[in-house]
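Have a look at input_28.cif below; it lists mmCIF, C-alpha atoms and all ligand atoms.
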```
data_run
loop_
_atom_site.label_atom_id
_atom_site.label_comp_id
_atom_site.auth_asym_id
_atom_site.auth_seq_id
_atom_site.Cartn_x
_atom_site.Cartn_y
_atom_site.Cartn_z
CA MET A 948 -15.57 -14.04 -5.97
CA ALA A 949 -13.39 -11.20 -4.77
CA ASP A 950 -13.63 -7.42 -4.54
CA LEU A 951 -10.50 -5.34 -4.56
CA ILE A 952 -9.60 -2.12 -2.81
CA VAL A 953 -6.72 -0.31 -4.49
CA GLY A 954 -5.00 3.05 -4.01
CA LEU A 955 -5.11 5.35 -7.04
CA GLN A 956 -2.32 7.75 -6.10
CA TRP A 957 1.06 7.33 -4.31
CA GLY A 958 -0.29 5.57 -1.23
CA ASP A 959 -1.81 6.65 2.08
CA GLU A 960 -5.15 7.39 0.42
CA GLY A 961 -7.07 6.07 3.42
CA LYS A 962 -7.70 2.55 2.09
CA GLY A 963 -7.84 1.33 5.69
CA LYS A 964 -10.97 3.36 6.45
CA ILE A 965 -12.89 1.96 3.47
CA VAL A 966 -11.67 -1.57 4.25
CA ASP A 967 -12.86 -1.06 7.82
CA LEU A 968 -16.22 0.18 6.54
CA VAL A 969 -16.82 -2.80 4.26
CA ALA A 970 -14.79 -5.58 5.99
CA LYS A 971 -17.83 -6.93 7.85
CA ASN A 972 -19.28 -7.99 4.47
CA TYR A 973 -16.41 -10.37 3.75
CA ASP A 974 -15.55 -13.89 4.94
CA ILE A 975 -11.93 -13.72 3.79
CA VAL A 976 -9.61 -10.70 3.62
CA ILE A 977 -6.42 -11.10 1.58
CA ARG A 978 -3.16 -9.16 1.37
CA SER A 979 -1.49 -9.94 -1.94
CA GLN A 980 1.62 -7.76 -2.28
CA GLY A 981 4.01 -5.49 -0.42
CA GLY A 982 5.13 -6.10 3.11
CA HIS A 983 5.53 -4.12 6.30
CA ASN A 984 6.22 -0.99 4.26
CA ALA A 985 2.43 -0.57 4.35
CA GLY A 986 0.78 0.77 7.45
CA HIS A 987 -2.45 1.98 8.85
CA THR A 988 -3.75 2.59 12.30
CA VAL A 989 -7.05 1.06 13.33
CA VAL A 990 -9.03 1.37 16.52
CA LEU A 991 -10.70 -1.74 17.88
CA ASP A 992 -12.61 -1.82 21.18
CA GLY A 993 -10.97 1.47 22.11
CA LYS A 994 -7.42 0.13 21.55
CA LYS A 995 -5.17 1.42 18.77
CA TYR A 996 -3.34 -1.05 16.49
CA ALA A 997 -0.80 -0.25 13.79
CA LEU A 998 -1.26 -2.87 11.09
CA HIS A 999 1.63 -3.33 8.69
CA LEU A 1000 1.41 -6.96 7.59
CA LEU A 1001 -1.83 -8.30 8.98
CA PRO A 1002 -4.85 -7.95 6.70
CA SER A 1003 -7.55 -5.62 8.03
CA GLY A 1004 -9.93 -8.56 8.38
CA VAL A 1005 -8.45 -8.99 11.87
CA LEU A 1006 -10.94 -6.28 12.85
CA ASN A 1007 -13.76 -8.70 12.13
CA PRO A 1008 -13.57 -11.65 14.55
CA ASN A 1009 -15.29 -13.92 12.01
CA ALA A 1010 -13.13 -13.20 8.97
CA ILE A 1011 -10.26 -15.40 7.80
CA ASN A 1012 -7.12 -13.40 7.03
CA VAL A 1013 -4.81 -14.51 4.26
CA ILE A 1014 -1.26 -13.30 3.64
CA GLY A 1015 -0.92 -14.29 0.00
CA ASN A 1016 2.01 -15.57 -2.03
CA GLY A 1017 2.79 -12.10 -3.41
CA VAL A 1018 3.55 -10.60 0.00
CA VAL A 1019 7.09 -10.36 1.38
CA VAL A 1020 6.88 -11.33 5.05
CA TYR A 1021 9.23 -10.14 7.78
CA PRO A 1022 8.41 -12.83 10.35
CA LYS A 1023 9.66 -10.78 13.30
CA GLN A 1024 7.21 -7.98 12.48
CA LEU A 1025 4.35 -10.42 11.90
CA ILE A 1026 4.92 -12.14 15.26
CA LYS A 1027 5.00 -8.73 16.96
CA GLU A 1028 1.75 -7.61 15.32
CA ILE A 1029 0.00 -10.84 16.27
CA SER A 1030 1.16 -10.52 19.89
CA GLU A 1031 -0.34 -7.04 20.22
CA PHE A 1032 -3.86 -8.44 20.03
CA ASP A 1033 -5.59 -9.55 23.21
CA ARG A 1034 -7.53 -12.26 21.40
CA ASP A 1035 -5.97 -15.11 19.45
CA ILE A 1036 -6.01 -13.87 15.88
CA LYS A 1037 -3.77 -16.74 14.75
CA GLU A 1038 -6.83 -18.98 14.70
CA LYS A 1039 -8.03 -17.09 11.64
CA LEU A 1040 -4.71 -16.39 9.94
CA LEU A 1041 -3.23 -18.20 6.95
CA ILE A 1042 0.19 -17.42 5.47
CA SER A 1043 1.13 -18.60 2.01
CA ASP A 1044 3.96 -21.13 1.91
CA LYS A 1045 5.00 -19.40 -1.33
CA ALA A 1046 5.30 -15.91 0.22
CA HIS A 1047 8.93 -14.78 0.31
CA MET A 1048 10.65 -14.02 3.58
CA ILE A 1049 12.40 -10.79 4.50
CA LEU A 1050 15.47 -11.52 6.60
CA ASP A 1051 17.54 -8.97 8.50
CA HIS A 1052 20.14 -8.73 5.76
CA HIS A 1053 17.48 -7.51 3.29
CA ILE A 1054 16.76 -4.60 5.61
CA ALA A 1055 20.47 -3.82 6.02
CA ILE A 1056 20.95 -3.92 2.22
CA ASP A 1057 17.94 -1.62 1.65
CA LYS A 1058 19.36 0.97 4.05
CA ALA A 1059 22.95 0.67 2.77
CA ARG A 1060 21.88 1.08 -0.85
CA GLU A 1061 19.77 4.12 -0.06
CA LYS A 1062 22.76 5.68 1.67
CA LEU A 1063 25.02 5.00 -1.30
CA ARG A 1064 22.49 6.52 -3.68
CA GLY A 1065 22.86 9.86 -1.85
CA LYS A 1066 20.74 12.55 -3.44
CA ASN A 1067 19.33 9.99 -5.87
CA ALA A 1068 17.87 7.91 -3.05
CA ILE A 1069 14.40 6.49 -3.70
CA GLY A 1070 13.29 7.32 -0.20
CA THR A 1071 12.31 3.74 0.61
CA THR A 1072 10.73 2.82 3.93
CA GLY A 1073 13.95 0.91 4.76
CA ARG A 1074 12.04 -2.31 5.39
CA GLY A 1075 14.02 -4.55 3.02
CA ILE A 1076 11.18 -4.73 0.50
CA GLY A 1077 13.24 -4.12 -2.67
CA PRO A 1078 16.09 -6.53 -1.78
CA ALA A 1079 13.63 -9.31 -0.85
CA TYR A 1080 11.71 -8.96 -4.12
CA ALA A 1081 15.03 -8.75 -6.01
CA ASP A 1082 16.04 -12.13 -4.54
CA LYS A 1083 12.64 -13.54 -5.46
CA ILE A 1084 13.02 -12.48 -9.10
CA ALA A 1085 16.66 -13.66 -9.16
CA ARG A 1086 15.35 -17.04 -7.89
CA VAL A 1087 17.54 -16.99 -4.80
CA GLY A 1088 14.88 -15.96 -2.29
CA VAL A 1089 13.56 -18.01 0.62
CA ARG A 1090 9.89 -18.79 1.05
CA MET A 1091 7.82 -19.12 4.20
CA GLY A 1092 7.21 -22.83 3.52
CA GLU A 1093 10.94 -23.47 3.78
CA LEU A 1094 10.71 -22.92 7.54
CA GLY A 1095 9.47 -26.53 7.53
CA ASN A 1096 13.03 -27.79 6.99
CA ILE A 1097 15.50 -25.58 8.86
CA GLU A 1098 18.57 -27.69 8.01
CA LYS A 1099 17.92 -27.42 4.29
CA LEU A 1100 17.17 -23.73 4.63
CA MET A 1101 20.41 -23.14 6.53
CA ASP A 1102 22.41 -24.86 3.75
CA LYS A 1103 20.70 -22.72 1.16
CA LEU A 1104 21.36 -19.53 3.12
CA ALA A 1105 25.02 -20.44 3.74
CA HIS A 1106 25.46 -20.76 -0.03
CA TYR A 1107 23.60 -17.48 -0.57
CA TYR A 1108 25.86 -15.60 1.86
CA GLU A 1109 28.95 -17.13 0.26
CA MET A 1110 27.82 -16.06 -3.22
CA ASN A 1111 27.09 -12.53 -2.02
CA ARG A 1112 30.14 -12.09 0.25
CA GLU A 1113 31.80 -9.38 -1.85
CA TYR A 1114 28.55 -7.51 -2.39
CA PHE A 1115 27.84 -7.54 1.35
CA GLU A 1116 31.38 -6.27 2.01
CA TYR A 1117 30.96 -3.49 -0.54
CA LEU A 1118 27.74 -2.37 1.12
CA GLY A 1119 29.14 -2.74 4.63
CA VAL A 1120 26.44 -5.32 5.48
CA LYS A 1121 27.37 -8.09 7.92
CA VAL A 1122 26.78 -11.75 7.15
CA PRO A 1123 24.78 -13.02 10.13
CA ASP A 1124 26.21 -15.40 12.68
CA MET A 1125 24.89 -18.79 11.54
CA ASP A 1126 24.02 -20.06 15.03
CA PHE A 1127 22.10 -16.90 15.74
CA LEU A 1128 20.32 -17.20 12.39
CA ARG A 1129 19.36 -20.83 13.07
CA ASP A 1130 17.86 -19.82 16.44
CA GLU A 1131 15.93 -17.06 14.77
CA LEU A 1132 14.55 -19.32 12.04
CA GLU A 1133 13.57 -21.90 14.69
CA TYR A 1134 11.72 -19.16 16.54
CA TYR A 1135 9.86 -18.12 13.36
CA LYS A 1136 9.00 -21.77 12.73
CA ASN A 1137 7.65 -22.29 16.25
CA GLU A 1138 5.55 -19.16 16.09
CA LEU A 1139 4.22 -19.36 12.54
CA MET A 1140 4.51 -22.85 11.04
CA GLU A 1141 0.97 -23.92 11.93
CA ASN A 1142 -0.37 -20.93 9.98
CA ILE A 1143 1.71 -21.55 6.86
CA THR A 1144 -0.19 -23.35 4.14
CA ASN A 1145 -1.03 -23.44 0.45
CA THR A 1146 -3.30 -20.38 0.51
CA THR A 1147 -3.93 -20.51 -3.24
CA GLN A 1148 -5.60 -23.90 -2.85
CA TYR A 1149 -7.44 -22.61 0.23
CA LEU A 1150 -8.88 -19.70 -1.76
CA TRP A 1151 -9.94 -21.97 -4.61
CA ASP A 1152 -11.59 -24.35 -2.14
CA ASN A 1153 -13.54 -21.41 -0.71
CA ILE A 1154 -14.24 -19.63 -3.96
CA ASP A 1155 -17.97 -19.24 -3.19
CA LYS A 1156 -17.17 -17.13 -0.12
CA ASN A 1157 -17.04 -13.33 -0.18
CA MET A 1158 -13.42 -12.26 -0.46
CA LEU A 1159 -11.75 -8.89 -0.22
CA LEU A 1160 -8.33 -8.24 -1.70
CA GLU A 1161 -6.75 -5.43 0.27
CA GLY A 1162 -4.23 -3.47 -1.81
CA ALA A 1163 -1.10 -2.00 -0.27
CA GLN A 1164 0.89 1.00 -1.53
CA ALA A 1165 -0.82 2.28 -4.67
CA THR A 1166 -1.03 2.47 -8.44
CA LEU A 1167 1.58 5.17 -9.03
CA LEU A 1168 4.09 3.15 -6.96
CA ASP A 1169 3.60 0.06 -9.18
CA ILE A 1170 6.92 -1.44 -10.32
CA ASP A 1171 5.80 -1.48 -13.98
CA HIS A 1172 3.26 1.31 -14.29
CA GLY A 1173 4.38 3.73 -11.59
CA THR A 1174 6.95 6.51 -11.66
CA TYR A 1175 9.96 4.17 -12.04
CA PRO A 1176 12.48 4.02 -10.38
CA PHE A 1177 10.68 5.92 -7.61
CA VAL A 1178 8.29 3.06 -6.96
CA THR A 1179 7.94 0.08 -4.68
CA SER A 1180 9.10 -3.35 -5.87
CA SER A 1181 5.73 -5.05 -6.41
CA ASN A 1182 2.79 -4.82 -8.79
CA THR A 1183 0.37 -2.79 -6.74
CA ILE A 1184 -2.42 -2.71 -9.33
CA ALA A 1185 -5.42 -5.03 -9.73
CA SER A 1186 -3.55 -7.58 -11.83
CA GLY A 1187 -0.85 -7.77 -9.12
CA ALA A 1188 -3.52 -8.66 -6.57
CA LEU A 1189 -4.45 -11.66 -8.71
CA THR A 1190 -0.87 -12.89 -9.18
CA GLY A 1191 -0.26 -12.28 -5.50
CA SER A 1192 -3.19 -14.43 -4.40
CA GLY A 1193 -3.59 -17.04 -7.14
CA LEU A 1194 -7.14 -15.94 -7.95
CA SER A 1195 -7.98 -15.83 -11.66
CA PRO A 1196 -9.10 -12.58 -13.35
CA LYS A 1197 -12.56 -14.12 -13.69
CA GLU A 1198 -12.94 -14.11 -9.90
CA LEU A 1199 -12.61 -10.33 -9.64
CA LYS A 1200 -16.07 -8.87 -9.11
CA LYS A 1201 -15.68 -5.23 -8.13
CA VAL A 1202 -12.71 -2.87 -8.00
CA ILE A 1203 -12.93 0.10 -5.65
CA GLY A 1204 -10.30 2.78 -6.25
CA ILE A 1205 -9.34 5.05 -3.36
CA ALA A 1206 -8.03 8.59 -3.80
CA LYS A 1207 -7.68 11.58 -1.52
CA ALA A 1208 -9.43 14.84 -2.44
CA TYR A 1209 -5.87 16.12 -2.97
CA THR A 1210 -2.57 14.27 -3.52
CA THR A 1211 0.32 13.25 -1.28
CA ARG A 1212 3.55 11.35 -1.76
CA VAL A 1213 6.24 10.09 0.63
CA GLY A 1214 9.73 9.53 -0.66
CA ASN A 1215 11.33 10.98 -3.77
CA GLY A 1216 10.22 11.05 -7.38
CA PRO A 1217 8.10 13.17 -9.70
CA PHE A 1218 4.88 14.71 -8.39
CA PRO A 1219 3.44 17.20 -10.91
CA THR A 1220 0.81 18.76 -8.63
CA GLU A 1221 3.04 19.13 -5.56
CA ASP A 1222 2.53 22.52 -3.88
CA LEU A 1223 5.71 23.69 -2.20
CA GLY A 1224 4.07 26.88 -0.90
CA GLU A 1225 1.60 27.78 1.82
CA ASP A 1226 -1.23 25.70 0.36
CA GLY A 1227 0.87 22.52 0.49
CA ASP A 1228 1.80 23.30 4.10
CA LYS A 1229 -1.82 23.92 4.98
CA ILE A 1230 -2.90 20.59 3.47
CA ARG A 1231 -0.12 18.80 5.41
CA LYS A 1232 -1.16 20.45 8.65
CA GLN A 1233 -4.93 20.02 8.24
CA GLY A 1234 -4.56 16.49 6.91
CA HIS A 1235 -1.94 15.37 9.48
CA GLU A 1236 0.11 14.17 6.54
CA PHE A 1237 2.93 12.30 8.24
CA GLY A 1238 3.75 8.64 7.44
CA THR A 1239 2.32 5.83 9.62
CA THR A 1240 5.32 3.59 8.97
CA THR A 1241 8.20 6.08 9.03
CA GLY A 1242 6.71 9.30 10.48
CA ARG A 1243 8.09 11.26 7.53
CA PRO A 1244 6.24 14.45 6.48
CA ARG A 1245 4.34 13.74 3.27
CA ARG A 1246 4.69 15.94 0.21
CA CYS A 1247 1.30 17.55 -0.53
CA GLY A 1248 -0.46 19.00 -3.55
CA TRP A 1249 -3.65 19.15 -5.61
CA PHE A 1250 -5.88 16.47 -7.10
CA ASP A 1251 -4.52 15.19 -10.41
CA VAL A 1252 -7.25 14.09 -12.84
CA VAL A 1253 -4.75 12.80 -15.43
CA ALA A 1254 -3.10 10.49 -12.90
CA ALA A 1255 -6.47 9.39 -11.47
CA LYS A 1256 -7.84 8.49 -14.91
CA TYR A 1257 -4.67 6.51 -15.65
CA ALA A 1258 -5.02 4.63 -12.36
CA ILE A 1259 -8.74 3.97 -12.87
CA THR A 1260 -8.03 2.48 -16.32
CA LEU A 1261 -5.10 0.35 -15.11
CA ASN A 1262 -7.23 -1.14 -12.34
CA GLY A 1263 -10.57 -1.30 -14.14
CA CYS A 1264 -12.29 0.54 -11.29
CA ASP A 1265 -16.04 0.17 -10.88
CA GLU A 1266 -16.31 2.85 -8.24
CA VAL A 1267 -14.16 5.39 -6.45
CA ALA A 1268 -13.90 6.68 -2.89
CA ILE A 1269 -12.73 10.26 -2.37
CA MET A 1270 -11.13 10.58 1.04
CA LYS A 1271 -10.38 13.48 3.39
CA LEU A 1272 -12.60 16.03 1.62
CA ASP A 1273 -12.82 17.94 4.93
CA VAL A 1274 -9.06 18.64 4.81
CA LEU A 1275 -9.79 21.12 2.02
CA ASP A 1276 -12.21 23.08 4.26
CA GLY A 1277 -11.14 26.71 4.64
CA PHE A 1278 -9.37 27.23 1.30
CA ASP A 1279 -10.59 30.30 -0.69
CA LYS A 1280 -9.75 28.50 -3.91
CA VAL A 1281 -8.90 24.87 -4.67
CA LYS A 1282 -7.02 23.72 -7.74
CA VAL A 1283 -7.53 20.62 -9.88
CA CYS A 1284 -5.01 19.45 -12.47
CA VAL A 1285 -6.93 18.63 -15.66
CA GLY A 1286 -4.03 18.17 -18.10
CA TYR A 1287 -0.26 18.21 -18.44
CA GLU A 1288 1.95 20.49 -20.46
CA ILE A 1289 5.04 18.87 -21.89
CA ASN A 1290 7.38 20.81 -24.23
CA SER A 1291 4.69 23.53 -24.61
CA GLU A 1292 2.17 20.96 -25.77
CA GLU A 1293 -0.90 19.99 -23.75
CA ILE A 1294 -1.58 16.30 -23.23
CA ASP A 1295 -4.36 14.51 -21.35
CA TYR A 1296 -2.65 11.14 -20.79
CA PHE A 1297 -0.11 9.96 -18.21
CA PRO A 1298 3.28 9.74 -19.96
CA SER A 1299 5.94 7.13 -19.15
CA GLU A 1300 8.30 9.88 -17.91
CA LEU A 1301 6.96 12.69 -15.77
CA ASP A 1302 10.19 14.69 -15.54
CA ASP A 1303 9.25 17.61 -17.82
CA VAL A 1304 5.55 17.65 -17.05
CA LYS A 1305 3.81 20.80 -15.85
CA PRO A 1306 0.27 20.65 -14.49
CA VAL A 1307 -2.57 22.55 -16.18
CA TYR A 1308 -4.93 23.71 -13.44
CA ILE A 1309 -8.44 24.96 -13.21
CA GLU A 1310 -9.38 26.82 -10.04
CA MET A 1311 -12.63 26.34 -8.16
CA ASP A 1312 -14.20 28.24 -5.28
CA GLY A 1313 -13.47 26.72 -1.89
CA TRP A 1314 -15.84 25.89 0.98
CA ASN A 1315 -16.13 25.49 4.70
CA GLY A 1316 -17.99 23.01 6.84
CA SER A 1317 -17.74 19.65 5.07
CA GLU A 1318 -16.32 17.96 8.18
CA GLY A 1319 -18.44 15.13 9.51
CA VAL A 1320 -21.19 15.53 6.87
CA THR A 1321 -22.88 12.19 6.13
CA GLU A 1322 -25.29 13.10 3.31
CA PHE A 1323 -24.20 14.39 -0.07
CA ASP A 1324 -26.96 16.99 -0.23
CA LYS A 1325 -25.85 18.45 3.10
CA LEU A 1326 -22.34 19.23 1.83
CA PRO A 1327 -21.51 22.91 1.23
CA LEU A 1328 -22.51 23.78 -2.36
CA ASN A 1329 -18.91 24.28 -3.57
CA ALA A 1330 -17.79 20.96 -2.05
CA LYS A 1331 -20.62 19.25 -3.93
CA LYS A 1332 -19.56 21.00 -7.12
CA TYR A 1333 -15.99 19.83 -6.50
CA ILE A 1334 -17.00 16.15 -6.15
CA GLU A 1335 -19.31 16.35 -9.17
CA PHE A 1336 -16.54 17.95 -11.20
CA LEU A 1337 -14.05 15.22 -10.23
CA GLU A 1338 -16.62 12.53 -11.04
CA GLU A 1339 -17.21 13.95 -14.51
CA LYS A 1340 -13.48 14.34 -15.20
CA ILE A 1341 -12.34 10.90 -13.97
CA GLY A 1342 -15.28 9.16 -15.64
CA CYS A 1343 -16.04 6.84 -12.72
CA HIS A 1344 -18.80 6.86 -10.11
CA ILE A 1345 -17.71 8.38 -6.79
CA LYS A 1346 -19.56 6.10 -4.42
CA TYR A 1347 -17.92 7.13 -1.14
CA VAL A 1348 -16.88 10.56 0.12
CA SER A 1349 -15.04 10.64 3.42
CA THR A 1350 -15.47 13.76 5.54
CA GLY A 1351 -13.48 12.83 8.65
CA PRO A 1352 -11.45 10.04 10.26
CA ASP A 1353 -14.44 8.53 12.07
CA ARG A 1354 -16.11 5.53 10.43
CA ASN A 1355 -19.42 7.43 10.51
CA SER A 1356 -18.05 10.49 8.72
CA THR A 1357 -18.70 8.94 5.33
CA ILE A 1358 -21.14 9.76 2.55
CA ILE A 1359 -22.36 6.77 0.56
CA ARG A 1360 -23.95 7.83 -2.73
P1 LIG B 1401 9.76 0.64 -0.42
O1 LIG B 1401 8.44 0.06 -0.73
O2 LIG B 1401 10.09 0.68 1.05
O3 LIG B 1401 10.87 0.05 -1.24
O4 LIG B 1401 9.73 2.20 -0.85
C1 LIG B 1401 9.62 2.60 -2.22
C2 LIG B 1401 8.74 3.84 -2.35
O5 LIG B 1401 7.40 3.50 -2.02
C3 LIG B 1401 9.13 4.99 -1.40
O6 LIG B 1401 8.85 6.21 -2.06
C4 LIG B 1401 8.16 4.81 -0.24
O7 LIG B 1401 7.94 6.01 0.45
C5 LIG B 1401 6.92 4.34 -0.97
N1 LIG B 1401 6.01 3.53 -0.15
C6 LIG B 1401 6.18 2.24 0.22
N2 LIG B 1401 5.14 1.83 0.96
C7 LIG B 1401 4.29 2.87 1.07
C8 LIG B 1401 3.02 3.04 1.69
O8 LIG B 1401 2.43 2.12 2.28
N3 LIG B 1401 2.47 4.28 1.56
C9 LIG B 1401 3.07 5.28 0.87
N4 LIG B 1401 4.24 5.15 0.26
C10 LIG B 1401 4.86 3.96 0.35
#
```

Would you write out, as structure tokens, the structure that this file holds?
Ligand code: IMP
Amino acid sequence: MADLIVGLQWGDEGKGKIVDLVAKNYDIVIRSQGGHNAGHTVVLDGKKYALHLLPSGVLNPNAINVIGNGVVVYPKQLIKEISEFDRDIKEKLLISDKAHMILDHHIAIDKAREKLRGKNAIGTTGRGIGPAYADKIARVGVRMGELGNIEKLMDKLAHYYEMNREYFEYLGVKVPDMDFLRDELEYYKNELMENITNTTQYLWDNIDKNMLLEGAQATLLDIDHGTYPFVTSSNTIASGALTGSGLSPKELKKVIGIAKAYTTRVGNGPFPTEDLGEDGDKIRKQGHEFGTTTGRPRRCGWFDVVAAKYAITLNGCDEVAIMKLDVLDGFDKVKVCVGYEINSEEIDYFPSELDDVKPVYIEMDGWNGSEGVTEFDKLPLNAKKYIEFLEEKIGCHIKYVSTGPDRNSTIIR
């Protein structure tokens, strides 16, 4: 049986901290979608690691880490991440033979297309995620298992480059030197082949173990249900975690949704509760809201109940974690979006297009001194009222409240 941790907003909710908190309870930790566009920093034995592709189970020396079939793997990044650990984490790492590979040309295409889009750019992380998934769907992608036969893979890639020659030229993307490419693929094979396996079968064979599916990106970036086209190219929601691992819906035990006490977004696209004034700046500063993967300043704004309810329903959340409550310390008033106005009409659901949506806010009294609090009853009264209000509005139990970056700065209710 598996539990799932999933982001309820536009990413960077602090999933890593909750995974870190609960990871010791799991035998197997699984990444099921996305690639090295994800990122979180973890501290282990006093050393800092930036994890982009490796599941967070690497923090637990006993856990098996699985990179599932739904992930797009940039082997160069994976090899680099593995090498940063002092201990041999490869012993406990399995990579799906069905996971698609990101090659350098995917990254070059991602960047070239963003440039051509100009002011309509999506604001991607430039990691080749979209082009790799596009090849997968077009059935011309290459999978990790294909590293087993480099000659065959080289033939396939030569044909691929030939078919795409004009497109590459149009984008100004170079076709790689084939000898160089062969050397690179050989290197990936030498480094990773012993870890590449049928992970779906492995998970089925170990179905009685405790498994954690670790979501990447978040619900509102989902390719189907997010704010298209300003989304990532995978299904980030609970059902995507199942497709991306091969587990059946019946194996999903508990879904934990993660949201910040406010909202942030990196990249372009609609964001109804964005605050472009002093409050947004203050949230960015107090919350250190700059991307782990790209360093970009994050757009900041208020908690959006409509979006959270939508995300909770899409994922079937059993419980919710509210992160970074302490970042709202020191505000006289805090706002919560409880509805949307669209063409002068108020709605309480998340529409398919957010372009003309205006947030309907209620204002609550602010607080000071929530930082580092570990018991709900010890929170400042207005902070407690804030959490209780959110809980009532989103209709899901808020089990965790995070009051600081430290693992211990967490309230469990
Ligand atoms: P891509 O996933 O690089 O194609 O980027 C598509 C959109 O998803 C952009 O707006 C990115 O900023 C956003 N995105 C991708 N990964 C993350 C993440 O891990 N956290 C937050 N936003 C992300």

**OP:** Kindly compile the residues surrounding ligand LIG 1401 (chain B) within 7 Å, counting all atoms listed in the file, and format them as number ranges by chain.
**Re:** A: 957-959, 984-986, 1069-1077, 1163-1164, 1168, 1177-1180, 1212-1215

**OP:** Could you please give me, as a count of residues only, the residues of protein, DNA or RNA lying at most 10 Å from (0.5, -22.9, 7.5) in the coordinate frame of the file, considering all atoms listed in the file?
**Re:** 16

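Using only C-alpha atoms, the protein and nucleic acid residues lying no more than 10 Å from Met1048 of chain A, apart from those fewer than 6 places from it along its own chain, are Gly982, Val1018, Val1019, Val1020, Tyr1021, Pro1022, Ile1076, Ala1079, Tyr1080, Asp1082, Lys1083, Gly1088, Val1089, Arg1090, Met1091, Gly1092, Glu1093 and Leu1094 of chain A.
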
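From atom CA of His983 of chain A back to atom CA of Leu1000 of chain A, the distance works out to 5.2 Å.
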
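Using all atoms listed in the file, the protein and nucleic acid residues lying no more than 12 Å from Tyr1114 of chain A, apart from those fewer than 5 places from it along its own chain, are His1052, Ile1056, Ala1059, Arg1060, Tyr1107, Tyr1108, Glu1109, Gly1119, Val1120, Lys1121 and Val1122 of chain A.
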
Selection above as a file: C-alpha atoms, as a short mmCIF file (atom, residue, chain, number, x, y, z; two decimals), in the frame of the given file:
```cif
data_model
loop_
_atom_site.label_atom_id
_atom_site.label_comp_id
_atom_site.auth_asym_id
_atom_site.auth_seq_id
_atom_site.Cartn_x
_atom_site.Cartn_y
_atom_site.Cartn_z
CA HIS A 1052 20.14 -8.73 5.76
CA ILE A 1056 20.95 -3.92 2.22
CA ALA A 1059 22.95 0.67 2.77
CA ARG A 1060 21.88 1.08 -0.85
CA TYR A 1107 23.60 -17.48 -0.57
CA TYR A 1108 25.86 -15.60 1.86
CA GLU A 1109 28.95 -17.13 0.26
CA GLY A 1119 29.14 -2.74 4.63
CA VAL A 1120 26.44 -5.32 5.48
CA LYS A 1121 27.37 -8.09 7.92
CA VAL A 1122 26.78 -11.75 7.15
#
```

Subject >> Distance of atom CA of Glu1310 of chain A from atom CA of Lys1282 of chain A, expressed in Å to one decimal place >> reply: 4.5 Å

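A straight line drawn from atom CA of Glu1318 of chain A to atom CA of Leu1160 of chain A is 29.1 Å long.
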
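Distances here use only C-alpha atoms; by that measure, the residue among A:Glu1293, A:Val1267, A:Asp1102, A:Asn1137 closest to His1344 of chain A is A:Val1267.
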
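In terms of minimum interatomic distance to Tyr1308 of chain A, A:Thr1220 ranks closest within A:Thr1350, A:Ser1356, A:Thr1239, A:Thr1220, counting all atoms listed in the file.
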
Subject >> Nearby residues (all atoms listed in the file) at most 9 Å from segment 1296-1302 of chain A, same-chain spacing under 5 positions excluded, as a PyMOL selection string >> reply: chain A and resi 1172-1175+1216-1219+1253-1254+1256-1257+1286-1287+1289

Subject >> A:Cys1264, A:Val1252, A:Ala1188, A:Ala1068 ranked by distance to Lys1201 of chain A, top pick (using all atoms listed in the file) >> reply: A:Cys1264

Starting from the sparse input, extend segment 1210-1218 of chain A to N, CA and C atoms and give the output as a JSON list (two decimals), keeping the file's coordinate frame.
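After the write, selection.json holds the following:
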```json
[["chain", "number", "residue", "atom", "x", "y", "z"],
["A", 1210, "THR", "N", -3.57, 15.33, -3.28],
["A", 1210, "THR", "CA", -2.57, 14.27, -3.52],
["A", 1210, "THR", "C", -1.43, 14.39, -2.52],
["A", 1211, "THR", "N", -0.89, 13.23, -2.11],
["A", 1211, "THR", "CA", 0.32, 13.25, -1.28],
["A", 1211, "THR", "C", 1.28, 12.19, -1.81],
["A", 1212, "ARG", "N", 2.53, 12.33, -1.39],
["A", 1212, "ARG", "CA", 3.55, 11.35, -1.76],
["A", 1212, "ARG", "C", 4.62, 11.36, -0.67],
["A", 1213, "VAL", "N", 5.08, 10.18, -0.27],
["A", 1213, "VAL", "CA", 6.24, 10.09, 0.63],
["A", 1213, "VAL", "C", 7.39, 9.54, -0.19],
["A", 1214, "GLY", "N", 8.58, 10.00, 0.11],
["A", 1214, "GLY", "CA", 9.73, 9.53, -0.66],
["A", 1214, "GLY", "C", 9.93, 10.42, -1.87],
["A", 1215, "ASN", "N", 10.98, 10.11, -2.64],
["A", 1215, "ASN", "CA", 11.33, 10.98, -3.77],
["A", 1215, "ASN", "C", 10.59, 10.57, -5.03],
["A", 1216, "GLY", "N", 10.83, 11.36, -6.10],
["A", 1216, "GLY", "CA", 10.22, 11.05, -7.38],
["A", 1216, "GLY", "C", 9.27, 12.13, -7.83],
["A", 1217, "PRO", "N", 8.92, 12.11, -9.13],
["A", 1217, "PRO", "CA", 8.10, 13.17, -9.70],
["A", 1217, "PRO", "C", 6.71, 13.25, -9.08],
["A", 1218, "PHE", "N", 6.19, 14.46, -9.00],
["A", 1218, "PHE", "CA", 4.88, 14.71, -8.39],
["A", 1218, "PHE", "C", 4.39, 16.04, -8.98]]
```
